[in-house]
Amino acid sequence: MAVENLITEHIDVWTSVVKTRSTSGRGSSKKLELYGVKKLRELILELAVRGKLVPQDPNDEPASVLLERIAAEKAQLVKEKKIKRSKALPLVSTDEQPFQLPNGWAWERIGTFGVVGTGATPSRAKPEYWEPAEFNWVSSGETSELFVSATKERISGLALEETNVSIYPKGTLIVAMYGQGKTRGQITELLDSAGTNQACAAIQLVELSQGHRSYVKLFFRKAYLDLRSQSAGGAQPNLNVGKISNTVIPVPPLPEQHRIVAKVDELMALCDQLEQQTESSIEAHQVLVTTLLDTLTNSADADELMQNWARISEHFDTLFTTEESIDQLKQAILQLAVMGKLVPQDPSDEPATELLKRIAEEKAQLVKEKRIKKQKALPPISEDEKPFELPNGWEWCRIQDVALFTTSGSRDWAKYYSDSGALFVTMGNLSRGSYELRLDNLRFVRPPKGGEGSRTKLEARDLLISITGDVGNLGLIPEEFGEAYINQHTCLLRFMPECQGKYFPDFMRSPLAKYQFDAPQRGIKNSFRLSDVGEMHVPLPPLNEQVRITEKVSDFLSICECLKVRLRESQITRLHLTDAIVDLVV
C-alpha cells in the first residue's frame, strides 16, 4: 500500500487518536498529544530506513560501490595528513542487522562517512574567551531544529587558540550526546561554521559522503525516536563519540537516498497539515463547549436554563468527546449547584438565615464552655464580593460562619515517621477537582500522646485543603478512617455538625471556590493562609436544599465519570488500531 493511500484511507485514525500528555503532580494536563499524527510520522521514518517508502531502481549504483570509493578517499586524506587516521571500525555483524535490506543497500557504520569529533566549553571565568564574540558555538540545546546558523553564544579567537574547541565547516552534522529533557540524540546541520561544546558530537563528512548528509540526518531522526522510546522505560546511558561512530546505518544507493529524502519531506508536510487541521478542530470544539456551558450559568431564570440545557442535550454525543470537555461539564454542574440553579427551591424550607442564627448560638455556647476559642469577627460580605444574586431562602456567609474551627498541621514530623502506626496525610494524598483521598502512597507516624501534633488528629468528615504550592487540592476524611494527622502545608477545616454534609466539599471544588483560591498571590508560588480559608464567601442554601443539591451533583458527576470511562475505552481502542496499522505496514 502506498503511504499516500495509507494516510488518506485511515485519515480518521490519524486525526482522531489524541492523548492527554502525562504530567507529574495531581492536576490534569490541558495539553494534548496528537498520537495518531505522531505515529504516522514515526511510520514514515521507519519505512524510509527499511527501503519501503520508495521503489528501488535496479539501474542505481549499489551502495557498496560508493562505500568502497569513500574508504579510498579517506585513506588518501590520511596519507595527505588532512585528517587523522581513525581506529578501524569493525565489520557489521549479523546480530547488528535488525532487518533485511533491499537489493543494492548495505549495512555500514556512521564513522565510515567521515570523522566524528566533539568540542569543549571555554572557561566562563575568562571573559576574554567570550568577548569579542567572533565564532559560532553550538550547545546541545540548539540541536532541536534541522538547521542551525547563528548561535545563542559565540566565542572569541583567543578561546580557539587556548582551548580544545574546534571549528567545524558548514555542512557538519551536530548530534546531542546528552542533555536535559529530550535532547539526547537530536541532530542538526551547520549552515555556517561553528564550534561545539562537549555535549555535542560533530560528524564531518568527507567529500564523497556529502551526498549522504540529508539521509544521515533522516536516519538520526528515526534513531532519536527509538532512543526516546527506550528512555521511557528508564534512564539510558549517554551517547559518546565512539558510540556514534560505531552506529550501524542501512545505506541505500545514493539516487535512492535522494528519492527517500524528497518523499519524507513531502509526507512530513502532509503531516504538518493534518496536525494543524486537528489542532484547529480541537480548539474550535473547546471554544464551542465553553460557550454553550456558559449559557447555562448565565441563564436569567429556570425557563431559560431549561431551554439552554435542551440545546446542549441535543448534541451531547458530539460536544462531550474529550476529557477536557467532560471536566468543563463537571465544573458547570458545580457552578449551577452553588448558584441555586441545579434543583428547584422549596418555599417551605427553613431559610438559611435561620440556620446561621442557630449555628451562631451553638458556637457561642461552645465558647462559653471553653470547648472552642472565640473567633475573630469578620466584616460582612460587601455587594462587590457577591458575584451573583442568590435565590430566595439563600444567604451569603463566610466559611468561618459555618466552621467549628480551621487549623493547619504542625512541623517537625520527620522524627515520628514509622513503617506503621497512624496515617500521615500530606498534600500528595489530596486531589485536584475531587475530594477523594489518594491513598496509593501512604506514610505513617507514631507521635507522642498529648504532643503538639495531637491538635490536628483527624475526624470523619474533616475537609483538608492544600494551602501552599498547588492551592485548593482537597481531601474529605471518610467514616472509620482511623487515626491520622496532617502536616503544616494542609488546612484542616472542621464544620459545625449541621454543615457536615457534602454541600461544602462540593462548593470547595466549584469555579467560585477556585476563583477565591487563586486570588491571593504571595511570593513565587500561590499561598493561602488559614485566615483566607475562613474569609472565603460561600452561597448558603437552606439545609434541606443542600441535601437535594448534593444528591443531584452526585448523580450528574457519576454520569460524567461514566462518560470518561467510555471515552477512555474508545481511546484505547483507537490507540490499538493505530499501532496495529503501523505494525501491519512495517
# chains A, B, ... in the order shown; residues from 1 in each chain; ligands from 1
$ residues_around --residues "A:Glu108" --least-positions-apart "4" --cutoff "12 Å" --atoms "only C-alpha atoms" --output "ChimeraX atom specification"
/A:63-64,66-68,70-71,89-94,96-97,101,112-113,216,245-252
$ residues_around --residues "A:Gln345" --least-positions-apart "3" --cutoff "10 Å" --atoms "only C-alpha atoms" --output "number ranges by chain"
A: 340-342, 348-349, 391-394, 541-542, 544-545, 548
$ closest_residue --among "A:Leu146, A:Glu207, A:His576, A:Lys152" --to "A:Gln186" --atoms "only C-alpha atoms"
A:Leu146
$ closest_atom_pairs --of "stretch 454-530 of chain A" --to "stretch 554-569 of chain A" --cutoff "12 Å" --atoms "only C-alpha atoms" --output "CSV"
residue,atom,partner,partner_atom,distance
A:Lys502,CA,A:Ser554,CA,9.4
A:Tyr503,CA,A:Ser554,CA,10.5
A:Pro505,CA,A:Ser554,CA,11.9
A:Asp506,CA,A:Ser554,CA,9.4
$ write_last_selection --atoms "C-alpha atoms" --output "CSV table (one decimal), in the first residue's frame"
chain,number,residue,atom,x,y,z
A,502,LYS,CA,-21.4,17.1,51.0
A,503,TYR,CA,-22.5,20.6,50.1
A,505,PRO,CA,-16.9,19.9,49.9
A,506,ASP,CA,-18.8,20.2,46.6
$ residues_around --residues "A:Glu145" --least-positions-apart "6" --cutoff "9 Å" --atoms "only C-alpha atoms" --output "ChimeraX atom specification"
/A:186-189
$ closest_residue --among "A:Leu267, A:Leu458, A:Ala199, A:Leu334" --to "A:Ser408" --atoms "only C-alpha atoms"
A:Leu458
$ residues_around --residues "A:Glu134" --least-positions-apart "4" --cutoff "9 Å" --atoms "only C-alpha atoms" --output "PyMOL selection string"
chain A and resi 130+154-157
$ write_last_selection --atoms "all heavy atoms" --output "PDB file, in the first residue's frame"
ATOM      1  N   TRP A 130      34.991  34.926  25.631  1.00  0.00           N
ATOM      2  CA  TRP A 130      33.622  35.138  25.124  1.00  0.00           C
ATOM      3  C   TRP A 130      33.441  36.507  24.474  1.00  0.00           C
ATOM      4  O   TRP A 130      32.446  36.749  23.799  1.00  0.00           O
ATOM      5  CB  TRP A 130      32.624  34.958  26.269  1.00  0.00           C
ATOM      6  CG  TRP A 130      32.730  33.592  26.884  1.00  0.00           C
ATOM      7  CD1 TRP A 130      33.524  33.221  27.927  1.00  0.00           C
ATOM      8  CD2 TRP A 130      32.062  32.410  26.448  1.00  0.00           C
ATOM      9  NE1 TRP A 130      33.395  31.880  28.192  1.00  0.00           N
ATOM     10  CE2 TRP A 130      32.495  31.352  27.302  1.00  0.00           C
ATOM     11  CE3 TRP A 130      31.131  32.131  25.454  1.00  0.00           C
ATOM     12  CZ2 TRP A 130      32.035  30.048  27.162  1.00  0.00           C
ATOM     13  CZ3 TRP A 130      30.662  30.842  25.319  1.00  0.00           C
ATOM     14  CH2 TRP A 130      31.117  29.817  26.165  1.00  0.00           C
ATOM     15  N   ARG A 154      28.583  32.988  21.312  1.00  0.00           N
ATOM     16  CA  ARG A 154      29.725  32.974  20.398  1.00  0.00           C
ATOM     17  C   ARG A 154      30.997  33.114  21.232  1.00  0.00           C
ATOM     18  O   ARG A 154      30.975  33.657  22.340  1.00  0.00           O
ATOM     19  CB  ARG A 154      29.619  34.115  19.379  1.00  0.00           C
ATOM     20  CG  ARG A 154      28.451  33.939  18.407  1.00  0.00           C
ATOM     21  CD  ARG A 154      28.108  35.222  17.671  1.00  0.00           C
ATOM     22  NE  ARG A 154      29.147  35.637  16.759  1.00  0.00           N
ATOM     23  CZ  ARG A 154      29.259  35.243  15.485  1.00  0.00           C
ATOM     24  NH1 ARG A 154      28.362  34.395  14.992  1.00  0.00           N
ATOM     25  NH2 ARG A 154      30.220  35.671  14.705  1.00  0.00           N
ATOM     26  N   ILE A 155      32.087  32.610  20.696  1.00  0.00           N
ATOM     27  CA  ILE A 155      33.359  32.646  21.424  1.00  0.00           C
ATOM     28  C   ILE A 155      34.381  33.486  20.657  1.00  0.00           C
ATOM     29  O   ILE A 155      34.186  33.805  19.478  1.00  0.00           O
ATOM     30  CB  ILE A 155      33.909  31.220  21.662  1.00  0.00           C
ATOM     31  CG1 ILE A 155      34.118  30.489  20.328  1.00  0.00           C
ATOM     32  CG2 ILE A 155      32.972  30.440  22.578  1.00  0.00           C
ATOM     33  CD1 ILE A 155      34.747  29.128  20.476  1.00  0.00           C
ATOM     34  N   SER A 156      35.455  33.796  21.343  1.00  0.00           N
ATOM     35  CA  SER A 156      36.491  34.655  20.745  1.00  0.00           C
ATOM     36  C   SER A 156      37.582  33.824  20.063  1.00  0.00           C
ATOM     37  O   SER A 156      37.675  32.604  20.260  1.00  0.00           O
ATOM     38  CB  SER A 156      37.124  35.520  21.832  1.00  0.00           C
ATOM     39  OG  SER A 156      37.865  34.700  22.732  1.00  0.00           O
ATOM     40  N   GLY A 157      38.406  34.498  19.293  1.00  0.00           N
ATOM     41  CA  GLY A 157      39.550  33.840  18.668  1.00  0.00           C
ATOM     42  C   GLY A 157      40.528  33.311  19.699  1.00  0.00           C
ATOM     43  O   GLY A 157      41.164  32.270  19.484  1.00  0.00           O
TER      44      GLY A 157
END
$ closest_residue --among "A:Ala332, A:Thr151, A:Leu40, A:Glu46" --to "A:Asp294" --atoms "only C-alpha atoms"
A:Ala332
$ select_by_dssp --residues "stretch 66-177 of chain A" --states "strand (DSSP E)" --output "ChimeraX atom specification"
/A:106-109,114-118,135-138,147-148,153-155,173-176
$ closest_residue --among "A:Ala377, A:Ala159, A:Ala484, A:Ala262" --to "A:Lys457" --atoms "only C-alpha atoms"
A:Ala484
$ atom_distance --atom1 "atom CA of A:Gln331" --atom2 "atom CA of A:Val533"
20.6 Å
$ residues_around --residues "A:Arg432" --least-positions-apart "3" --cutoff "12 Å" --atoms "only C-alpha atoms" --output "list in words"
Gly25, Arg26, Gly27, Ser28, Ser29, Asp327, Met427, Gly428, Asn429, Tyr435, Glu436, Leu437, Arg438, Leu464, Ile465, Ser466, Asp470, Val471, Gly472, Asn473, Leu474, Gly475, Met508, Arg509, Ser510 and Lys514 of chain A
$ closest_residue --among "A:Pro511, A:Thr295, A:Leu366, A:Glu395" --to "A:Asn308" --atoms "only C-alpha atoms"
A:Thr295
$ select_by_dssp --residues "stretch 123-350 of chain A" --states "helix (DSSP H, G or I)" --output "PyMOL selection string"
chain A and resi 127-129+140-143+157-162+207-231+241-245+254-297+302-313+316-319+323-339
$ closest_residue --among "A:Gln500, A:Ser531, A:Thr322, A:Gln76" --to "A:Arg461" --atoms "only C-alpha atoms"
A:Gln500
$ residues_around --residues "A:Asp60" --least-positions-apart "4" --cutoff "8 Å" --atoms "only C-alpha atoms" --output "list in words"
Gly104, Pro253, Leu254, Pro255 and Glu256 of chain A
$ atom_distance --atom1 "atom CA of A:Asp317" --atom2 "atom CA of A:Ala580"
26.7 Å
